[in-house]
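See below for the structure under consideration.
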Amino acid sequence: MSDYALLAELLFPHIDKTPEDYEAVYPPRNLPEGAKVTRFAPSPTGFMHLGNLFVSMIDSIAARDGGVFYLRIEDTDKKREVEDAVERILHGLAAFGIVPQEGEQADGGALGDYGPYRQSQRKDIYQCYAKSLVEKGLAYPCFCTEEELNYLRAKQETAGANPGYYGEWAVFRNAPLGEVRRRLRAGEPYVLRLRSDGSEEKKIVVEDLVKGKIEMPENIMDLVLLKADGIPTYHFAHAVDDHLMRTTHVVRGDEWIASLPVHIALFCALGFKAPKYVHVSPIMKTDGGGKRKLSKRKDPEAAVSYYAEQGYPKEGVVTYLLTLANSNFEDWLRANPGKAVTGFPFNFKKMSPSGALFDLAKLNDICKNVISVMTAEQVYDYVMDWAAQFDKTLHDLFSADPCYAKAILSIDRGVKKPRKDIATWSQVLDYVSYFYDEAFRQRFDLPENISAAGAKAILSAYAAVYDENDDKDAWFERIKALCEPLGLTPNVKEFKANPQNYKGHVGDVSTVIRLALTGRENTPDLYSIMRLLGKDRVLRRLNTAL
RNA sequence: GGCCCGUUGGUCAAGUGGCCUAAGACUCCGGCCUCUCACGCCGGCAACACGGGUUCGAAUCCCGUACGGGUCACCA
């Protein structure tokens, strides 16, 4: 038995499976040609960053056409773990219509044949591959303490060498078997390190699907594979899991690019074929003069939950994100109205290699468009869902009389040029408030060109002739008829041509009425509003406005 | 500092050597429509980071500079 084999047995006596056993348990997936296997692999902190949503969305859309998108929990760092994290992650995704077909579930179970999907439950698998690496002389135990590592770094600094555990500096790289055995017997803690055979002179080349060709020096670090507690580092788990779970495309933030040499080295040492990499740029925001990544600590809009709370329609957020991912998405949407987003021919290569600035104005515009083409019924349902959780006042108002609520939402909806007033559900209460006596605050801010007496005259004259049975034309005729006795003109064009001849025009009349009925100068179509308000409310407001 | 990535209007971006007098969308500003507002329509402001090459010809290819970002853990 070789020293390596001896060492492997010494380190992992309890591991009796071989990599071949696992290969048999997790065979290549039987999928249609070209189908992609993607995964979302968060650590269970429970916090969903906008970037996480962005990546998951890409994962999920890439796995269409017979592929698989699964959720894997990377809980190799117990310090960061949070209760209920998986549930929160799944909720965060589902709120935007993203549902992994496979992987960890909220109830602690899992879907799929390639599990467990929680890294803390895969210890034996990692150790099996670690053992095989030791047998091949590609990994070894290192007994350095934190202090020793600090000392090493200090020494490298004074020597002008690059810091790190590598080459000549790797103290346990060639430790004799006897010493290892002695330390092991003494119960000294150790980590397992890769015995790197890389050379700085040589390059690795990775064809990234968004960044293109990336060339970097080979890895020379004897990086940690297994931590002192026997749990793998991200790098080692990535190689083992993505191979065994047969991931074809790894979509992740581009902060991982720097680790590419390490990952390539690991896939190579383990004898695996590396997946395709899709390194996406972070979503940025401006800060002072420059731009920076959306920060979990400083920016509330970095959290996916923010959009739910603010009441952004999920389709709007997804559309915006998709626009950032593939800028032709908006054009496609316009050309294919009503089609499900899953029909969009998403393309990794159309993703921008540089980071996009988050643009709230654009998001709002998209959301307004999205909501404007919904039916009143749909809007009502969404609003109720949102209000149930975030706005009791609105929820009470809307549930008291659903028909009335839907009638309000129907104004200028379902026509060729629908109104676009609403960007978020949280704006709905303000939008509809004057339809409800409970929420209506009567106030009358006199427009500049109208006197209090003039306004009063208009209101009383109108109250005298108002007829709730008028159709729209009759209604407008009645308002126009009010003009001349009061020194105004019903003809706006005429007014514009000879403003000196009149005190105002019919627009001023309707503005005064509008003000009395709604408390604001700008609203949707007044006639529709009055029909909904009904005779009693109209007359009461007309009479009490001033 | 080493290594890597990026850089077209205020923002997202099209563009893969001649079709670029550089598209479209958002924002902003005019105007039209109009009972107000919104919608819609018409129009406008506004960009290839800089310097060298290669080429008949460069936003596009190469080199350098500047600026921005990332990364150098027993975190992911």
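For the structure tokens, the naming scheme is as follows: chains receive sequential letters (A, B, ...) according to their order of presentation, residues are indexed from 1 within each chain, and ligands are indexed from 1 in presentation order.
All of the residues in chain A within 6 Å of chain B are Lys227, Glu255, Ala258, Ser354, Lys362, Lys417, Arg419, Gly507, Ser510, Asn522 and Thr523 of chain A, where only C-alpha atoms (C1' of nucleotides) were counted.
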Deliver the residues from the most recent selection as a file, using C-alpha atoms, as a JSON list (two decimals), in the first residue's frame.
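Written output follows (selection_8.json):
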```json
[["chain", "number", "residue", "atom", "x", "y", "z"],
["A", 227, "LYS", "CA", -12.53, 22.64, 6.96],
["A", 255, "GLU", "CA", -17.42, 38.16, -8.07],
["A", 258, "ALA", "CA", -11.53, 35.41, -9.44],
["A", 354, "SER", "CA", -21.02, 45.38, -17.50],
["A", 362, "LYS", "CA", -37.88, 52.72, -15.55],
["A", 417, "LYS", "CA", -55.47, 53.96, -24.66],
["A", 419, "ARG", "CA", -54.81, 55.25, -18.23],
["A", 507, "GLY", "CA", -62.47, 73.73, -18.35],
["A", 510, "SER", "CA", -65.43, 71.40, -14.71],
["A", 522, "ASN", "CA", -56.75, 66.27, -11.73],
["A", 523, "THR", "CA", -58.73, 63.08, -11.99]]
```
- Residue set, stretch 22-226 of chain A restricted to strand (DSSP E), as a PyMOL selection string: chain A and resi 37-40+68-71+102-104+110-111+139-142+191-194+203-208+212-217+224-226
Generate the output file for the selected residues, N, CA and C atoms, as a tab-separated table (two decimals), in the first residue's frame.
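Written output follows (part-v7.tsv):
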```tsv
chain	number	residue	atom	x	y	z
A	37	VAL	N	-29.39	22.25	-17.27
A	37	VAL	CA	-29.63	22.03	-15.85
A	37	VAL	C	-29.00	23.19	-15.09
A	38	THR	N	-29.82	23.93	-14.40
A	38	THR	CA	-29.33	25.10	-13.67
A	38	THR	C	-29.73	24.99	-12.21
A	39	ARG	N	-29.07	25.85	-11.41
A	39	ARG	CA	-29.42	25.77	-10.00
A	39	ARG	C	-29.30	27.13	-9.35
A	40	PHE	N	-30.09	27.30	-8.31
A	40	PHE	CA	-29.91	28.48	-7.48
A	40	PHE	C	-29.36	27.93	-6.18
A	68	VAL	N	-33.81	21.34	-16.20
A	68	VAL	CA	-34.17	21.28	-14.78
A	68	VAL	C	-33.54	22.47	-14.06
A	69	PHE	N	-34.35	23.11	-13.24
A	69	PHE	CA	-33.84	24.17	-12.39
A	69	PHE	C	-34.07	23.73	-10.95
A	70	TYR	N	-33.00	23.62	-10.20
A	70	TYR	CA	-33.18	23.12	-8.83
A	70	TYR	C	-32.59	24.06	-7.78
A	71	LEU	N	-33.04	23.88	-6.56
A	71	LEU	CA	-32.58	24.70	-5.44
A	71	LEU	C	-31.66	23.88	-4.55
A	102	GLU	N	-36.96	21.14	-8.70
A	102	GLU	CA	-36.25	20.11	-7.97
A	102	GLU	C	-35.47	20.74	-6.84
A	103	GLY	N	-35.15	19.93	-5.83
A	103	GLY	CA	-34.30	20.44	-4.76
A	103	GLY	C	-35.02	20.61	-3.44
A	104	GLU	N	-34.38	21.34	-2.57
A	104	GLU	CA	-34.84	21.52	-1.20
A	104	GLU	C	-36.23	22.17	-1.18
A	110	ALA	N	-37.40	17.17	0.04
A	110	ALA	CA	-36.74	17.55	-1.20
A	110	ALA	C	-37.38	16.83	-2.35
A	111	LEU	N	-37.27	17.44	-3.52
A	111	LEU	CA	-37.81	16.87	-4.74
A	111	LEU	C	-36.63	16.49	-5.63
A	139	ALA	N	-4.25	15.66	-2.35
A	139	ALA	CA	-4.72	16.42	-1.19
A	139	ALA	C	-3.97	15.91	0.04
A	140	TYR	N	-3.85	16.75	1.04
A	140	TYR	CA	-3.10	16.38	2.24
A	140	TYR	C	-3.60	17.18	3.43
A	141	PRO	N	-3.39	16.69	4.62
A	141	PRO	CA	-3.84	17.41	5.81
A	141	PRO	C	-2.84	18.50	6.20
A	142	CYS	N	-3.37	19.58	6.74
A	142	CYS	CA	-2.53	20.68	7.18
A	142	CYS	C	-2.94	21.03	8.60
A	191	VAL	N	-7.04	20.78	8.55
A	191	VAL	CA	-7.87	20.96	7.36
A	191	VAL	C	-7.26	20.13	6.25
A	192	LEU	N	-8.07	19.81	5.25
A	192	LEU	CA	-7.54	19.09	4.11
A	192	LEU	C	-7.29	20.08	2.99
A	193	ARG	N	-6.09	20.07	2.46
A	193	ARG	CA	-5.75	21.01	1.39
A	193	ARG	C	-5.48	20.30	0.07
A	194	LEU	N	-5.71	21.02	-0.99
A	194	LEU	CA	-5.37	20.53	-2.33
A	194	LEU	C	-3.86	20.62	-2.49
A	203	LYS	N	-1.64	29.28	-18.27
A	203	LYS	CA	-2.94	29.96	-18.23
A	203	LYS	C	-4.08	28.96	-18.29
A	204	ILE	N	-5.17	29.32	-17.65
A	204	ILE	CA	-6.39	28.58	-17.89
A	204	ILE	C	-7.24	29.49	-18.78
A	205	VAL	N	-8.05	28.87	-19.61
A	205	VAL	CA	-8.94	29.65	-20.46
A	205	VAL	C	-10.36	29.15	-20.26
A	206	VAL	N	-11.24	30.07	-19.91
A	206	VAL	CA	-12.63	29.70	-19.73
A	206	VAL	C	-13.46	30.54	-20.69
A	207	GLU	N	-14.37	29.86	-21.39
A	207	GLU	CA	-15.25	30.58	-22.29
A	207	GLU	C	-16.53	30.89	-21.53
A	208	ASP	N	-16.56	32.06	-20.92
A	208	ASP	CA	-17.74	32.44	-20.16
A	208	ASP	C	-18.84	32.88	-21.12
A	212	GLY	N	-17.34	36.20	-22.24
A	212	GLY	CA	-16.48	35.78	-23.33
A	212	GLY	C	-15.25	35.06	-22.79
A	213	LYS	N	-14.19	35.09	-23.56
A	213	LYS	CA	-12.99	34.35	-23.17
A	213	LYS	C	-12.28	35.01	-21.97
A	214	ILE	N	-12.08	34.23	-20.94
A	214	ILE	CA	-11.36	34.74	-19.77
A	214	ILE	C	-10.09	33.93	-19.60
A	215	GLU	N	-8.98	34.63	-19.58
A	215	GLU	CA	-7.69	33.96	-19.43
A	215	GLU	C	-7.08	34.34	-18.10
A	216	MET	N	-6.69	33.36	-17.32
A	216	MET	CA	-6.09	33.67	-16.02
A	216	MET	C	-4.96	32.71	-15.73
A	217	PRO	N	-4.02	33.11	-14.87
A	217	PRO	CA	-2.95	32.20	-14.49
A	217	PRO	C	-3.55	31.00	-13.74
A	224	VAL	N	-7.96	25.22	0.92
A	224	VAL	CA	-8.65	24.31	1.83
A	224	VAL	C	-9.83	23.65	1.10
A	225	LEU	N	-9.90	22.33	1.23
A	225	LEU	CA	-10.99	21.56	0.64
A	225	LEU	C	-12.03	21.25	1.71
A	226	LEU	N	-11.50	20.76	2.81
A	226	LEU	CA	-12.36	20.40	3.94
A	226	LEU	C	-11.92	21.22	5.14
```
- Message: Among stretch 326-516 of chain A, which ones does DSSP assign to helix (DSSP H, G or I) (computed from the backbone)? Answer as a ChimeraX atom specification.
- Response: /A:329-335,341-343,348-350,360-372,376-390,392-400,402-410,425-435,452-465,472-481,484-486,492-497,499-501,506-516
- Note on the structure: Residue with the minimum atom-to-atom distance to A:Val383, picked from A:Tyr502, A:Trp256, A:Trp425, A:Phe398 with only C-alpha atoms counted, is A:Trp425
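Among the candidates A:Tyr434, A:Pro524, A:Phe495, A:Thr319, the residue lying nearest to A:Asp412 is A:Pro524 (atoms considered: only C-alpha atoms).
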- Could you give me, as a VMD selection string, the residues within 9 Å of A:Leu488, counting only C-alpha atoms (C1' of nucleotides) and dropping anything in the same chain fewer than 6 positions from it? chain A and resid 482 495 501 to 506 508 to 509
- For A:Leu324, list every protein, DNA or RNA residue within 12 Å, evaluated using only C-alpha atoms (C1' of nucleotides), and leave out those in the same chain fewer than 2 positions away; present the list as an NGL selection string. (:A and (51 or 54-55 or 57-58 or 280-284 or 317-322 or 326-330 or 346 or 348 or 350-359 or 362-363)) or (:B and (11-13 or 25))
- Query: Counting only C-alpha atoms (C1' of nucleotides), what is within 10 Å of stretch 54-67 of chain B, bar same-chain residues fewer than 4 positions away, as a list in words?
  - Reply: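 Neighbouring residues, sequence-local ones excluded: U7, U8, G15, U16, G17, G18, C20, A22, C48, A49 and C50 of chain B.
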How would the residues just chosen look if you wrote them out with N, CA, C and O atoms (P, O5', C5', C4', C3', O3' and C1' of nucleotides) as a JSON list (two decimals), in the first residue's frame?
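Below you can see part.json, which holds the result:
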```
[["chain", "number", "residue", "atom", "x", "y", "z"],
["B", 7, "U", "P", -17.70, 47.26, -21.91],
["B", 7, "U", "O5'", -17.63, 48.77, -21.40],
["B", 7, "U", "C5'", -18.69, 49.29, -20.57],
["B", 7, "U", "C4'", -18.40, 50.75, -20.31],
["B", 7, "U", "C3'", -18.26, 51.57, -21.58],
["B", 7, "U", "O3'", -18.98, 52.80, -21.52],
["B", 7, "U", "C1'", -16.25, 51.70, -20.29],
["B", 8, "U", "P", -20.55, 52.72, -21.82],
["B", 8, "U", "O5'", -20.57, 53.15, -23.34],
["B", 8, "U", "C5'", -19.75, 54.22, -23.78],
["B", 8, "U", "C4'", -20.37, 54.84, -24.99],
["B", 8, "U", "C3'", -21.75, 55.44, -24.77],
["B", 8, "U", "O3'", -21.66, 56.76, -24.30],
["B", 8, "U", "C1'", -21.81, 54.07, -26.68],
["B", 15, "G", "P", -26.86, 43.93, -31.22],
["B", 15, "G", "O5'", -25.93, 44.72, -32.22],
["B", 15, "G", "C5'", -26.45, 45.13, -33.48],
["B", 15, "G", "C4'", -25.62, 46.30, -33.98],
["B", 15, "G", "C3'", -24.18, 45.86, -34.23],
["B", 15, "G", "O3'", -23.80, 46.04, -35.60],
["B", 15, "G", "C1'", -24.32, 47.91, -32.97],
["B", 16, "U", "P", -23.04, 44.98, -36.43],
["B", 16, "U", "O5'", -21.86, 44.51, -35.48],
["B", 16, "U", "C5'", -20.57, 45.07, -35.62],
["B", 16, "U", "C4'", -19.58, 43.93, -35.59],
["B", 16, "U", "C3'", -19.86, 42.90, -36.71],
["B", 16, "U", "O3'", -19.07, 43.19, -37.86],
["B", 16, "U", "C1'", -19.66, 41.85, -34.54],
["B", 17, "G", "P", -17.67, 42.53, -38.22],
["B", 17, "G", "O5'", -16.90, 43.84, -38.72],
["B", 17, "G", "C5'", -16.99, 45.03, -38.03],
["B", 17, "G", "C4'", -16.77, 46.18, -38.98],
["B", 17, "G", "C3'", -17.16, 45.90, -40.42],
["B", 17, "G", "O3'", -17.79, 47.04, -40.97],
["B", 17, "G", "C1'", -14.93, 46.62, -40.32],
["B", 18, "G", "P", -19.30, 46.85, -41.50],
["B", 18, "G", "O5'", -19.41, 48.19, -42.36],
["B", 18, "G", "C5'", -19.30, 49.44, -41.73],
["B", 18, "G", "C4'", -19.08, 50.48, -42.79],
["B", 18, "G", "C3'", -20.29, 50.68, -43.70],
["B", 18, "G", "O3'", -20.60, 52.06, -43.72],
["B", 18, "G", "C1'", -18.32, 50.23, -44.97],
["B", 20, "C", "P", -27.03, 53.69, -41.68],
["B", 20, "C", "O5'", -25.93, 54.54, -40.91],
["B", 20, "C", "C5'", -25.52, 55.83, -41.31],
["B", 20, "C", "C4'", -24.52, 56.30, -40.28],
["B", 20, "C", "C3'", -23.07, 55.96, -40.61],
["B", 20, "C", "O3'", -22.27, 57.12, -40.40],
["B", 20, "C", "C1'", -23.65, 55.10, -38.46],
["B", 22, "A", "P", -25.65, 60.36, -36.52],
["B", 22, "A", "O5'", -25.08, 58.87, -36.62],
["B", 22, "A", "C5'", -25.86, 57.82, -37.18],
["B", 22, "A", "C4'", -26.04, 56.71, -36.19],
["B", 22, "A", "C3'", -26.88, 57.08, -34.96],
["B", 22, "A", "O3'", -28.25, 56.95, -35.25],
["B", 22, "A", "C1'", -24.91, 56.00, -34.25],
["B", 48, "C", "P", -18.98, 61.17, -27.59],
["B", 48, "C", "O5'", -18.99, 59.71, -28.19],
["B", 48, "C", "C5'", -17.84, 58.88, -28.05],
["B", 48, "C", "C4'", -18.30, 57.51, -27.62],
["B", 48, "C", "C3'", -17.21, 56.46, -27.59],
["B", 48, "C", "O3'", -17.41, 55.63, -26.45],
["B", 48, "C", "C1'", -18.89, 55.84, -29.14],
["B", 49, "A", "P", -16.18, 55.15, -25.61],
["B", 49, "A", "O5'", -15.47, 56.47, -25.07],
["B", 49, "A", "C5'", -16.19, 57.43, -24.34],
["B", 49, "A", "C4'", -15.22, 58.20, -23.48],
["B", 49, "A", "C3'", -13.88, 58.49, -24.16],
["B", 49, "A", "O3'", -13.94, 59.71, -24.88],
["B", 49, "A", "C1'", -13.51, 57.51, -22.03],
["B", 50, "C", "P", -13.18, 59.80, -26.28],
["B", 50, "C", "O5'", -11.67, 59.97, -25.82],
["B", 50, "C", "C5'", -11.27, 61.10, -25.06],
["B", 50, "C", "C4'", -9.84, 60.93, -24.63],
["B", 50, "C", "C3'", -8.87, 60.58, -25.77],
["B", 50, "C", "O3'", -8.45, 61.75, -26.46],
["B", 50, "C", "C1'", -8.49, 59.13, -23.95]]
```
- Task: Could you jot down the atom CA of A:Asp254 to atom CA of A:Ser199 separation for me, Å, one decimal place?
- Result: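 Taking atom CA of A:Asp254 and atom CA of A:Ser199, their separation equals 23.9 Å.
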- Query: Interatomic distance between atom CA of A:Cys128 and atom CA of A:Asp16?
  - Reply: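 That distance, rounded to one decimal, is 7.8 Å.
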- What does the distance between atom CA of A:Leu266 and atom CA of A:Pro100 come to in Å, to one decimal place?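 Pair atom CA of A:Leu266 / atom CA of A:Pro100 returns 27.3 Å.
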- Query: A:Glu438: which residues within 12 Å, counting only C-alpha atoms (C1' of nucleotides), same-chain residues fewer than 4 positions away excluded, as a VMD selection string?
  - Reply: chain A and resid 393 to 394 396 to 398 400 429 432 to 434 442
- Task: Excluding A:Ala95 and residues on its chain fewer than 6 positions from it, collect all residues at most 12 Å away from it, counting only C-alpha atoms (C1' of nucleotides), and give them as number ranges by chain.
- Result: A: 48, 53, 57, 88-89, 304-309, 311-315, 317-318, 382, 385-386
